[in-house]
file work13.txt (compact mmCIF, C-alpha atoms)
# COMPACT_ATOMS: atom_id res chain seq x y z
CA MET A 1 0.00 0.00 0.00
CA GLU A 2 1.30 3.45 -0.87
CA LEU A 3 1.49 6.28 1.65
CA LEU A 4 -0.87 8.37 -0.44
CA ASP A 5 -3.50 5.64 -0.26
CA LEU A 6 -3.22 5.48 3.49
CA SER A 7 -3.38 9.26 3.65
CA ARG A 8 -6.58 9.25 1.60
CA PHE A 9 -8.06 6.55 3.82
CA CYS A 10 -7.28 8.55 6.98
CA MET A 11 -8.74 11.65 5.35
CA ARG A 12 -12.04 9.91 4.62
CA LEU A 13 -12.36 8.67 8.16
CA GLY A 14 -11.15 11.95 9.64
CA ASP A 15 -13.60 13.92 7.48
CA SER A 16 -16.56 11.88 8.72
CA CYS A 17 -15.47 12.43 12.33
CA LEU A 18 -14.93 16.14 11.72
CA ILE A 19 -18.30 16.76 10.08
CA MET A 20 -20.15 14.77 12.75
CA ALA A 21 -18.27 16.72 15.42
CA HIS A 22 -19.55 19.92 13.83
CA ARG A 23 -23.11 18.60 13.75
CA GLN A 24 -22.84 17.56 17.39
CA SER A 25 -21.49 20.99 18.34
CA GLU A 26 -24.68 22.44 16.88
CA MET A 27 -26.60 20.47 19.53
CA CYS A 28 -25.12 22.76 22.19
CA SER A 29 -28.05 24.36 24.07
CA LYS A 30 -30.52 22.31 22.02
CA GLY A 31 -30.49 19.08 24.06
CA PRO A 32 -33.82 17.98 25.58
CA PHE A 33 -32.43 18.55 29.08
CA LEU A 34 -29.19 19.82 30.56
CA GLU A 35 -27.41 16.49 31.12
CA GLU A 36 -28.21 15.37 27.60
CA ASP A 37 -27.08 18.68 26.20
CA ILE A 38 -23.69 18.05 27.80
CA ALA A 39 -23.66 14.44 26.60
CA GLN A 40 -24.41 15.46 23.00
CA THR A 41 -21.60 17.98 22.89
CA ASN A 42 -19.23 15.53 24.58
CA LEU A 43 -19.91 13.06 21.77
CA GLY A 44 -18.84 15.82 19.42
CA LEU A 45 -15.71 16.53 21.42
CA ASP A 46 -14.53 12.92 21.22
CA LEU A 47 -15.16 12.93 17.47
CA LEU A 48 -13.27 16.19 17.05
CA GLY A 49 -10.29 14.70 18.84
CA GLN A 50 -10.38 11.64 16.60
CA ALA A 51 -10.72 13.85 13.52
CA GLU A 52 -7.74 15.94 14.57
CA ALA A 53 -5.48 12.93 15.11
CA LEU A 54 -6.54 11.34 11.82
CA LEU A 55 -6.18 14.51 9.77
CA ILE A 56 -2.77 15.34 11.25
CA TYR A 57 -1.67 11.88 10.18
CA ALA A 58 -3.32 12.19 6.75
CA ALA A 59 -1.48 15.48 6.15
CA GLU A 60 1.82 13.98 7.28
CA LEU A 61 1.47 10.92 5.04
CA GLU A 62 0.50 13.07 2.10
CA GLY A 63 3.78 14.95 2.41
CA LYS A 64 2.69 18.02 0.47
CA GLY A 65 3.35 20.41 3.30
CA ARG A 66 -0.33 20.80 4.15
CA THR A 67 -1.32 20.80 7.82
CA ALA A 68 -4.48 19.35 9.37
CA ASP A 69 -5.80 22.92 9.60
CA ASP A 70 -5.20 23.38 5.87
CA LEU A 71 -7.24 20.26 5.23
CA VAL A 72 -10.10 21.44 7.39
CA TYR A 73 -10.23 25.10 6.41
CA LYS A 74 -8.97 25.23 2.86
CA ARG A 75 -10.60 22.39 1.00
CA PRO A 76 -13.77 23.06 -0.98
CA GLU A 77 -16.87 20.91 -0.66
CA ARG A 78 -15.80 18.54 -3.43
CA GLY A 79 -12.55 17.92 -1.61
CA PHE A 80 -14.29 16.44 1.44
CA TYR A 81 -14.82 12.69 1.63
CA ASN A 82 -17.06 12.25 4.67
CA PHE A 83 -20.10 10.02 4.36
CA MET A 84 -23.29 11.83 3.46
CA LEU A 85 -24.87 10.36 6.59
CA ALA A 86 -22.37 12.31 8.71
CA GLU A 87 -23.48 15.67 7.29
CA GLN A 88 -27.24 15.18 7.71
CA PRO A 89 -28.77 17.96 9.81
CA ASN A 90 -30.20 17.85 13.33
CA THR A 91 -33.74 18.14 12.00
CA ASP A 92 -34.89 17.14 15.45
CA PHE A 93 -33.30 15.26 18.33
CA ALA A 94 -34.30 11.90 16.84
CA PHE A 95 -32.34 12.66 13.65
CA ALA A 96 -29.22 13.44 15.64
CA VAL A 97 -29.64 10.23 17.63
CA VAL A 98 -30.18 8.01 14.58
CA ARG A 99 -27.30 9.57 12.59
CA GLN A 100 -24.88 9.13 15.46
CA TYR A 101 -26.17 5.69 16.38
CA ILE A 102 -25.56 4.27 12.90
CA MET A 103 -22.23 6.04 12.43
CA THR A 104 -21.10 4.83 15.87
CA LEU A 105 -21.83 1.22 14.96
CA TYR A 106 -19.76 1.73 11.82
CA LEU A 107 -16.90 3.45 13.67
CA SER A 108 -16.72 0.81 16.38
CA ARG A 109 -16.01 -1.82 13.75
CA VAL A 110 -13.55 0.36 11.85
CA TYR A 111 -11.54 1.24 14.96
CA GLU A 112 -11.59 -2.33 16.24
CA THR A 113 -9.87 -3.41 13.03
CA LEU A 114 -7.43 -0.49 13.00
CA ALA A 115 -6.43 -1.03 16.63
CA LYS A 116 -4.71 -4.24 15.52
CA VAL A 117 -2.71 -2.99 12.52
CA ASP A 118 1.06 -2.67 12.58
CA ASP A 119 1.03 1.08 11.91
CA GLU A 120 1.86 2.53 15.34
CA THR A 121 0.16 5.89 14.87
CA LEU A 122 -3.04 4.53 13.42
CA SER A 123 -3.37 1.65 15.87
CA GLY A 124 -2.72 4.07 18.74
CA ILE A 125 -5.43 6.47 17.57
CA ALA A 126 -7.84 3.57 17.06
CA ALA A 127 -7.11 1.91 20.41
CA LYS A 128 -8.01 5.14 22.12
CA ALA A 129 -11.07 5.82 19.98
CA VAL A 130 -12.46 2.33 20.44
CA LYS A 131 -12.93 3.01 24.15
CA GLU A 132 -14.57 6.37 23.55
CA ILE A 133 -16.89 4.90 20.94
CA ALA A 134 -17.95 2.13 23.35
CA TYR A 135 -19.50 4.86 25.49
CA HIS A 136 -21.17 6.48 22.49
CA GLN A 137 -22.64 3.17 21.45
CA ARG A 138 -24.13 2.51 24.83
CA HIS A 139 -25.51 6.02 25.17
CA LEU A 140 -27.07 6.17 21.71
CA GLY A 141 -28.42 2.62 21.98
CA MET A 142 -30.21 3.72 25.15
CA TRP A 143 -31.85 6.59 23.22
CA ILE A 144 -32.99 4.35 20.37
CA LYS A 145 -34.73 2.14 22.91
CA ARG A 146 -36.07 5.01 24.96
CA LEU A 147 -37.53 6.92 22.05
CA GLY A 148 -38.83 3.78 20.34
CA GLU A 149 -40.59 2.54 23.44
CA GLY A 150 -41.50 5.99 24.71
CA THR A 151 -44.64 7.84 23.71
CA GLU A 152 -46.53 7.56 20.46
CA GLU A 153 -44.95 10.85 19.42
CA SER A 154 -41.35 9.83 20.23
CA HIS A 155 -41.88 6.49 18.49
CA GLU A 156 -43.17 8.16 15.38
CA ARG A 157 -40.41 10.74 15.29
CA ILE A 158 -37.58 8.29 15.66
CA GLN A 159 -39.12 5.99 13.06
CA THR A 160 -39.33 8.96 10.70
CA ALA A 161 -35.67 9.76 11.31
CA ILE A 162 -34.70 6.14 10.60
CA ASN A 163 -36.75 6.07 7.40
CA GLU A 164 -35.38 9.36 6.11
CA LEU A 165 -31.75 8.62 6.89
CA TRP A 166 -31.86 5.06 5.59
CA MET A 167 -30.82 5.92 2.03
CA PHE A 168 -27.42 7.06 3.35
CA VAL A 169 -26.53 3.75 5.03
CA GLY A 170 -25.44 2.07 1.80
CA GLU A 171 -22.32 4.24 1.58
CA LEU A 172 -20.99 2.69 4.78
CA TYR A 173 -20.41 -0.66 3.11
CA GLU A 174 -19.84 0.48 -0.46
CA GLU A 175 -16.34 -0.19 -1.84
CA ASP A 176 -14.08 1.49 -4.35
CA GLU A 177 -10.51 0.85 -5.48
CA LEU A 178 -9.00 2.51 -2.44
CA ASP A 179 -11.06 0.31 -0.13
CA PHE A 180 -9.78 -2.81 -1.85
CA LYS A 181 -6.18 -1.68 -1.36
CA ILE A 182 -6.84 -0.96 2.30
CA GLN A 183 -8.59 -4.29 2.79
CA GLU A 184 -5.74 -6.14 1.13
CA VAL A 185 -3.35 -5.14 3.91
CA GLY A 186 -5.92 -5.90 6.60
CA TYR A 187 -6.66 -2.29 7.58
CA ALA A 188 -10.39 -2.65 6.89
CA ILE A 189 -13.00 -5.36 6.70
CA SER A 190 -14.84 -6.07 3.47
CA GLY A 191 -18.01 -4.26 2.49
CA ASP A 192 -20.02 -7.46 2.80
CA GLU A 193 -18.74 -8.04 6.30
CA MET A 194 -19.53 -4.46 7.28
CA LYS A 195 -23.00 -4.71 5.77
CA ALA A 196 -23.75 -7.94 7.65
CA TYR A 197 -22.49 -6.43 10.90
CA LEU A 198 -24.50 -3.22 10.54
CA MET A 199 -27.70 -4.93 9.44
CA ALA A 200 -27.58 -7.56 12.18
CA ASN A 201 -27.05 -4.96 14.90
CA ILE A 202 -29.48 -2.37 13.58
CA SER A 203 -32.18 -4.94 13.06
CA SER A 204 -31.85 -6.43 16.55
CA HIS A 205 -31.72 -3.02 18.25
CA LEU A 206 -34.65 -1.63 16.30
CA THR A 207 -36.79 -4.71 16.87
CA GLU A 208 -36.06 -4.53 20.58
CA ALA A 209 -37.12 -0.88 20.55
CA THR A 210 -40.39 -1.80 18.72
CA LEU A 211 -39.14 0.01 15.61
CA SER A 212 -38.88 -1.33 12.09
CA VAL A 213 -36.04 -1.52 9.61
CA PRO A 214 -37.00 0.34 6.41
CA LYS A 215 -37.66 -1.82 3.38
CA SER A 216 -36.58 0.69 0.76
CA VAL A 217 -33.61 -0.52 -1.25
CA TYR A 218 -32.47 2.69 -2.88
CA MET A 219 -29.12 3.77 -1.45
CA THR A 220 -27.45 7.00 -2.50
CA THR A 221 -23.74 7.16 -3.28
CA GLY A 222 -21.00 9.64 -4.13
CA SER A 223 -19.13 10.93 -1.08
CA LYS A 224 -16.04 8.88 -1.86
CA LYS A 225 -15.76 11.03 -4.97
CA GLY A 226 -16.53 14.21 -3.08
CA ILE A 227 -20.20 14.38 -4.02
CA HIS A 228 -22.44 15.49 -1.18
CA THR A 229 -25.93 16.51 -0.21
CA GLU A 230 -26.70 20.21 -0.10
CA TYR A 231 -26.04 20.30 3.66
CA LEU A 232 -22.25 20.02 3.56
CA GLY A 233 -21.84 23.39 1.85
CA TYR A 234 -23.65 25.14 4.69
CA ILE A 235 -21.50 23.42 7.29
CA LEU A 236 -18.32 24.49 5.49
CA ALA A 237 -19.57 28.03 5.01
CA GLU A 238 -19.78 28.36 8.77
CA MET A 239 -16.74 26.28 9.67
CA GLN A 240 -14.40 27.92 7.18
CA TYR A 241 -15.69 31.46 7.38
CA LEU A 242 -12.95 32.90 9.54
CA GLN A 243 -10.07 31.35 7.60
CA ARG A 244 -11.59 32.53 4.33
CA ALA A 245 -12.18 36.06 5.57
CA TYR A 246 -8.81 36.30 7.33
CA PRO A 247 -6.50 33.75 5.72
CA ASP A 248 -4.06 32.11 8.16
CA ALA A 249 -5.42 34.03 11.13
CA LYS A 250 -4.21 32.52 14.40
CA TRP A 251 -5.09 32.95 18.04
CA MET T 1 21.97 22.19 30.90
CA VAL T 2 23.57 21.69 34.29
CA SER T 3 26.81 19.97 33.38
CA GLU T 4 27.69 18.35 36.69
CA MET T 5 24.43 16.38 36.73
CA SER T 6 24.14 12.99 35.13
CA GLN T 7 21.43 12.64 32.53
CA ALA T 8 19.42 10.39 34.87
CA GLN T 9 19.51 13.03 37.57
CA GLU T 10 18.53 15.72 35.15
CA LYS T 11 15.64 13.62 33.92
CA GLU T 12 14.46 13.16 37.47
CA LEU T 13 14.63 16.90 37.98
CA ILE T 14 12.56 17.50 34.86
CA TYR T 15 9.93 15.05 36.10
CA GLN T 16 9.99 17.03 39.32
CA TYR T 17 9.29 20.26 37.41
CA LEU T 18 6.54 18.61 35.40
CA SER T 19 4.88 17.33 38.55
CA GLU T 20 4.42 20.95 39.56
CA ILE T 21 1.92 21.32 36.71
CA SER T 22 -1.59 20.41 37.71
CA ASP T 23 -4.27 19.14 35.40
CA PRO T 24 -6.18 22.30 34.38
CA GLU T 25 -9.49 20.57 35.05
CA ILE T 26 -8.54 18.66 38.21
CA PRO T 27 -6.22 20.96 40.17
CA VAL T 28 -5.38 18.40 42.89
CA ILE T 29 -3.67 16.06 40.43
CA ASN T 30 -0.54 16.82 38.46
CA ILE T 31 0.17 15.66 34.93
CA VAL T 32 2.80 13.13 36.04
CA GLU T 33 0.35 11.48 38.45
CA MET T 34 -2.23 11.41 35.66
CA GLY T 35 0.20 9.30 33.68
CA MET T 36 0.27 11.79 30.82
CA VAL T 37 4.05 12.23 30.75
CA ARG T 38 5.34 9.28 28.73
CA GLY T 39 8.95 10.25 28.35
CA VAL T 40 11.66 12.90 28.58
CA LEU T 41 14.22 12.74 25.78
CA PHE T 42 17.39 14.74 25.36
CA ARG T 43 17.83 15.63 21.71
CA GLU T 44 20.90 17.39 20.39
CA SER T 45 19.81 20.93 20.94
CA LYS T 46 16.41 20.50 22.48
CA LEU T 47 14.37 18.73 25.06
CA GLU T 48 11.55 16.50 23.85
CA ILE T 49 8.63 15.73 26.14
CA LEU T 50 6.32 12.89 25.22
CA LEU T 51 2.73 13.40 26.30
CA SER T 52 -0.22 11.07 26.01
CA PRO T 53 -3.64 12.73 25.71
CA THR T 54 -6.25 11.40 28.14
CA TYR T 55 -9.14 11.75 25.69
CA SER T 56 -8.76 12.30 21.95
CA GLY T 57 -10.63 15.58 22.16
CA CYS T 58 -9.49 16.70 25.58
CA PRO T 59 -9.69 20.52 25.43
CA ALA T 60 -7.13 20.79 28.23
CA MET T 61 -4.43 19.36 25.96
CA ASP T 62 -3.48 22.70 24.37
CA MET T 63 -3.35 24.31 27.78
CA ILE T 64 -1.11 21.52 29.11
CA ASP T 65 1.14 21.93 26.09
CA HIS T 66 1.58 25.62 26.95
CA LEU T 67 2.05 24.99 30.66
CA VAL T 68 4.81 22.43 30.03
CA LYS T 69 6.70 24.80 27.72
CA GLU T 70 6.26 27.70 30.10
CA LYS T 71 7.45 25.69 33.10
CA LEU T 72 10.53 24.30 31.37
CA GLN T 73 11.44 27.62 29.82
CA SER T 74 11.33 29.19 33.27
CA LYS T 75 13.87 26.53 34.30
CA GLY T 76 16.21 27.44 31.48
CA TYR T 77 15.18 25.02 28.75
CA ASP T 78 14.73 27.30 25.77
CA SER T 79 14.02 24.72 23.17
CA VAL T 80 11.27 22.34 24.21
CA GLU T 81 9.33 20.20 21.83
CA ILE T 82 6.18 18.33 22.75
CA THR T 83 5.24 15.17 20.94
CA LEU T 84 1.88 13.51 21.40
CA VAL T 85 2.03 9.75 21.66
CA TYR T 86 -1.08 7.72 21.06
CA LYS T 87 0.33 4.29 21.67
CA PRO T 88 -0.14 2.78 24.15
CA ALA T 89 -3.42 4.64 24.62
CA TRP T 90 -3.70 6.47 27.91
CA THR T 91 -5.72 4.57 30.46
CA THR T 92 -7.01 5.23 33.97
CA ASP T 93 -5.26 1.97 34.91
CA TRP T 94 -2.06 4.07 35.13
CA MET T 95 -3.37 6.04 38.10
CA SER T 96 -1.90 4.93 41.40
CA ASP T 97 -4.10 4.21 44.44
CA GLU T 98 -2.68 7.36 45.98
CA THR T 99 -3.82 9.42 42.99
CA LYS T 100 -7.27 7.83 43.14
CA GLU T 101 -7.51 8.76 46.81
CA LYS T 102 -6.65 12.38 45.95
CA LEU T 103 -9.47 12.39 43.42
CA ARG T 104 -11.90 11.00 45.97
CA ALA T 105 -10.88 13.54 48.61
CA TYR T 106 -11.45 16.28 46.01
CA GLY T 107 -15.00 15.03 45.43
CA ILE T 108 -14.55 13.04 42.24
CA ALA T 109 -15.28 9.31 42.47
CA PRO T 110 -12.17 7.54 41.09
CA PRO T 111 -12.40 4.97 38.29
CA VAL T 112 -13.62 1.57 39.47
CA GLY T 113 -12.00 -1.57 38.07
CA LYS T 114 -9.69 -1.95 35.11
CA ALA T 115 -10.25 -0.53 31.65
CA THR T 116 -8.98 -3.74 30.12
CA SER T 117 -12.25 -5.43 31.03
CA LYS T 118 -15.43 -4.43 29.23
CA LYS T 119 -17.20 -4.49 32.59
CA GLY T 120 -14.81 -1.90 33.96
CA LEU T 121 -14.90 0.20 30.80
CA LEU T 122 -18.65 0.65 30.88
CA ASN T 123 -18.68 1.03 34.67
CA GLU T 124 -20.99 -1.78 35.61
CA ASP T 125 -19.43 -2.11 39.06
CA PRO T 126 -20.87 0.00 41.89
CA VAL T 127 -19.47 3.52 42.19
CA PHE T 128 -19.01 4.78 45.73
CA CYS T 129 -20.13 8.28 46.70
CA PRO T 130 -17.00 10.37 47.37
CA GLN T 131 -18.88 12.34 50.05
CA CYS T 132 -20.47 9.68 52.26
CA GLY T 133 -18.97 6.46 50.91
CA SER T 134 -22.34 4.87 50.11
CA LYS T 135 -22.58 2.52 47.16
CA ASN T 136 -26.26 3.30 46.79
CA THR T 137 -25.56 5.54 43.80
CA GLU T 138 -27.12 6.01 40.39
CA ILE T 139 -25.84 7.23 37.04
CA LYS T 140 -27.54 10.41 35.86
CA SER T 141 -25.64 10.91 32.66
CA MET T 142 -22.81 9.03 31.00
CA PHE T 143 -21.19 12.36 30.21
CA GLY T 144 -20.41 14.83 32.97
CA SER T 145 -18.67 18.17 33.30
CA THR T 146 -15.78 16.99 31.12
CA ALA T 147 -15.39 14.18 28.59
CA CYS T 148 -13.55 12.03 31.14
CA LYS T 149 -16.34 12.09 33.70
CA ALA T 150 -19.87 10.77 34.14
CA LEU T 151 -22.52 12.33 36.36
CA TYR T 152 -23.80 10.34 39.34
CA ILE T 153 -26.09 10.99 42.25
CA CYS T 154 -25.89 9.45 45.71
CA LYS T 155 -29.25 8.12 46.85
CA ASP T 156 -28.23 8.23 50.51
CA CYS T 157 -26.74 11.71 50.96
CA LEU T 158 -28.49 12.99 47.80
CA GLU T 159 -25.34 14.76 46.58
CA PRO T 160 -24.61 14.73 42.85
CA PHE T 161 -21.00 13.94 41.99
CA ASP T 162 -18.62 13.35 39.10
CA TYR T 163 -17.26 9.88 38.42
CA PHE T 164 -13.93 9.61 36.60
CA LYS T 165 -14.74 7.07 33.92
CA CYS T 166 -12.67 3.96 33.66
CA ILE T 167 -11.14 4.16 30.21

call {"tool": "encode", "arguments": {"input": "work13.txt", "output": "structure tokens"}}
result
Amino acid sequence: MELLDLSRFCMRLGDSCLIMAHRQSEMCSKGPFLEEDIAQTNLGLDLLGQAEALLIYAAELEGKGRTADDLVYKRPERGFYNFMLAEQPNTDFAFAVVRQYIMTLYLSRVYETLAKVDDETLSGIAAKAVKEIAYHQRHLGMWIKRLGEGTEESHERIQTAINELWMFVGELYEEDELDFKIQEVGYAISGDEMKAYLMANISSHLTEATLSVPKSVYMTTGSKKGIHTEYLGYILAEMQYLQRAYPDAKW
Amino acid sequence: MVSEMSQAQEKELIYQYLSEISDPEIPVINIVEMGMVRGVLFRESKLEILLSPTYSGCPAMDMIDHLVKEKLQSKGYDSVEITLVYKPAWTTDWMSDETKEKLRAYGIAPPVGKATSKKGLLNEDPVFCPQCGSKNTEIKSMFGSTACKALYICKDCLEPFDYFKCI
């Protein structure tokens, strides 16, 4: 595997963490109660830390003299490779819960695999993240159950969130040439394996929470080529504003 | 730096200086006790300090970075470089019993069990109230005032308290 491939792989993962971290930061002051408000932003904080470590490493492997900050603040929308699921807005609390719940399942499997690779930096980042994600998984799983089994209203709203976000799940197990290279050296599991893992877990959790797994088969695709939903542009507009208005400003 | 000292002595002295820096979020514990200082290396013209972040996104990390440089510069080390090491990942298992007792006395319930077990990691063992010592406690939120803590409440003395998560 070439360094540039590994850099690209770290960038994809780091981008998803970064964009989710931004979405979670938007939950600040919007949680249903104070403790949950803190929990939601803490989820974001962990993800931001993971994003930072991954993007620093991606920039280093790339060797073009770009820093992690350059990657975050100076790439246009088409230069971001996060999953479309990661950028979906906090339409209501249920949407935030479902987005994070599915992405957390995905991340737990990704980090578990990476924690065992021979690359010291990557396995170190993953070994740390795996523990943080274990907390996320438990917390978000609790919300799926609580909202699903809660009131008629909470049940309906979380089911709506699941249905509307479902079309973005396919990207999590889709594969391209880079994925095959990464899988070849054992840094990632196959798409089929990921799909089986996600579907088995989602289906058992949702059933337990009296919710149903959507039947629709259409899955959108494109983020691995930098194609996104309209929402990413708005996130970047806010996130990159300062660096665009005052290039290289520091504090 | 100080020529008559052996490198081992100088290293010990540097650890001594670093142990004067408290964790910005838990003032009773210093960064050496936290297990964050992973190494002190003498490079040709500079001093390299290896630090391990507690949580990936710990906002205190930048602050600690500054405090370490400031402290060592005040001791005459002009060129200090800080390197973050991720492997092995920082764990609460590195805290000594003495450190855990300091946490408890400060009002933060120390981590229970070992992070190497899934049971310990997701704190399924009882957490004792740091105020009254009761184990009749309940988790209020898995995320407390900082990323490393969870929020608990004691059902006997009714005091809410932070629990330092086992990670």

call {"tool": "closest_residue", "arguments": {"input": "work13.txt", "among": "T:Ser96, T:Ser134, T:Ser145, T:Ser45", "to": "chain A", "atoms": "all atoms listed in the file"}}
result
T:Ser145

call {"tool": "closest_atom_pairs", "arguments": {"input": "work13.txt", "of": "chain T", "to": "chain A", "cutoff": "8 Å", "atoms": "only C-alpha atoms", "output": "JSON lines"}}
result
{"residue": "T:Tyr55", "atom": "CA", "partner": "A:Asp46", "partner_atom": "CA", "distance": 7.1}
{"residue": "T:Ser56", "atom": "CA", "partner": "A:Gly49", "partner_atom": "CA", "distance": 4.2}
{"residue": "T:Gly57", "atom": "CA", "partner": "A:Gly49", "partner_atom": "CA", "distance": 3.5}
{"residue": "T:Cys58", "atom": "CA", "partner": "A:Gly49", "partner_atom": "CA", "distance": 7.1}
{"residue": "T:Val85", "atom": "CA", "partner": "A:Gly124", "partner_atom": "CA", "distance": 8.0}
{"residue": "T:Tyr86", "atom": "CA", "partner": "A:Gly124", "partner_atom": "CA", "distance": 4.6}
{"residue": "T:Lys87", "atom": "CA", "partner": "A:Gly124", "partner_atom": "CA", "distance": 4.2}
{"residue": "T:Pro88", "atom": "CA", "partner": "A:Gly124", "partner_atom": "CA", "distance": 6.1}
{"residue": "T:Ala89", "atom": "CA", "partner": "A:Lys128", "partner_atom": "CA", "distance": 5.3}
{"residue": "T:Trp90", "atom": "CA", "partner": "A:Lys128", "partner_atom": "CA", "distance": 7.3}
{"residue": "T:Leu121", "atom": "CA", "partner": "A:Lys131", "partner_atom": "CA", "distance": 7.5}
{"residue": "T:Leu122", "atom": "CA", "partner": "A:Tyr135", "partner_atom": "CA", "distance": 6.9}
{"residue": "T:Lys140", "atom": "CA", "partner": "A:Glu35", "partner_atom": "CA", "distance": 7.7}
{"residue": "T:Ser141", "atom": "CA", "partner": "A:Glu35", "partner_atom": "CA", "distance": 6.1}
{"residue": "T:Met142", "atom": "CA", "partner": "A:Ala39", "partner_atom": "CA", "distance": 7.0}
{"residue": "T:Phe143", "atom": "CA", "partner": "A:Ala39", "partner_atom": "CA", "distance": 4.8}
{"residue": "T:Gly144", "atom": "CA", "partner": "A:Ile38", "partner_atom": "CA", "distance": 6.9}
{"residue": "T:Ser145", "atom": "CA", "partner": "A:Ile38", "partner_atom": "CA", "distance": 7.4}
{"residue": "T:Thr146", "atom": "CA", "partner": "A:Asn42", "partner_atom": "CA", "distance": 7.5}
{"residue": "T:Ala147", "atom": "CA", "partner": "A:Asn42", "partner_atom": "CA", "distance": 5.7}
{"residue": "T:Ile167", "atom": "CA", "partner": "A:Lys131", "partner_atom": "CA", "distance": 6.4}

call {"tool": "atom_distance", "arguments": {"input": "work13.txt", "atom1": "CA of Ile108 in chain T", "atom2": "CA of Phe164 in chain T"}}
result
6.6 Å

call {"tool": "atom_distance", "arguments": {"input": "work13.txt", "atom1": "CA of Tyr73 in chain A", "atom2": "CA of Leu84 in chain T"}}
result
22.5 Å

call {"tool": "residues_around", "arguments": {"input": "work13.txt", "residues": "Lys145 in chain A", "least_positions_apart": "4", "cutoff": "7 Å", "atoms": "all atoms listed in the file", "output": "list of chain:residue names"}}
result
A:Gly141, A:Glu149, A:Ala209

call {"tool": "atom_distance", "arguments": {"input": "work13.txt", "atom1": "CA of Ile144 in chain A", "atom2": "CA of Leu54 in chain A"}}
result
28.7 Å

call {"tool": "residues_near_point", "arguments": {"input": "work13.txt", "point": "(7.5, 14.4, 21.1)", "cutoff": "6 Å", "atoms": "only C-alpha atoms", "output": "list of chain:residue names"}}
result
T:Glu48, T:Ile49, T:Leu50, T:Ile82, T:Thr83, T:Leu84

call {"tool": "closest_residue", "arguments": {"input": "work13.txt", "among": "A:Ile158, A:Val97, A:Leu242, A:Leu232", "to": "Leu18 in chain A", "atoms": "all atoms listed in the file"}}
result
A:Leu232

call {"tool": "closest_residue", "arguments": {"input": "work13.txt", "among": "T:Val32, T:Leu158, T:Lys102, T:Ile14", "to": "Ser74 in chain T", "atoms": "all atoms listed in the file"}}
result
T:Ile14

call {"tool": "closest_residue", "arguments": {"input": "work13.txt", "among": "A:Thr104, A:Gln243, A:Gln159, A:Ser16", "to": "Asn201 in chain A", "atoms": "all atoms listed in the file"}}
result
A:Thr104

call {"tool": "residues_around", "arguments": {"input": "work13.txt", "residues": "Ser212 in chain A", "least_positions_apart": "4", "cutoff": "8 Å", "atoms": "all atoms listed in the file", "output": "count of residues only"}}
result
4

call {"tool": "residues_around", "arguments": {"input": "work13.txt", "residues": "range 21-24 of chain T", "least_positions_apart": "4", "cutoff": "12 Å", "atoms": "only C-alpha atoms", "output": "ChimeraX atom specification"}}
result
/T:14-17,28-37,53-54,58-72,103,146

call {"tool": "residues_around", "arguments": {"input": "work13.txt", "residues": "Gly133 in chain T", "least_positions_apart": "4", "cutoff": "10 Å", "atoms": "all atoms listed in the file", "output": "VMD selection string"}}
result
chain T and resid 104 109 127 to 129 137 154 156 to 157
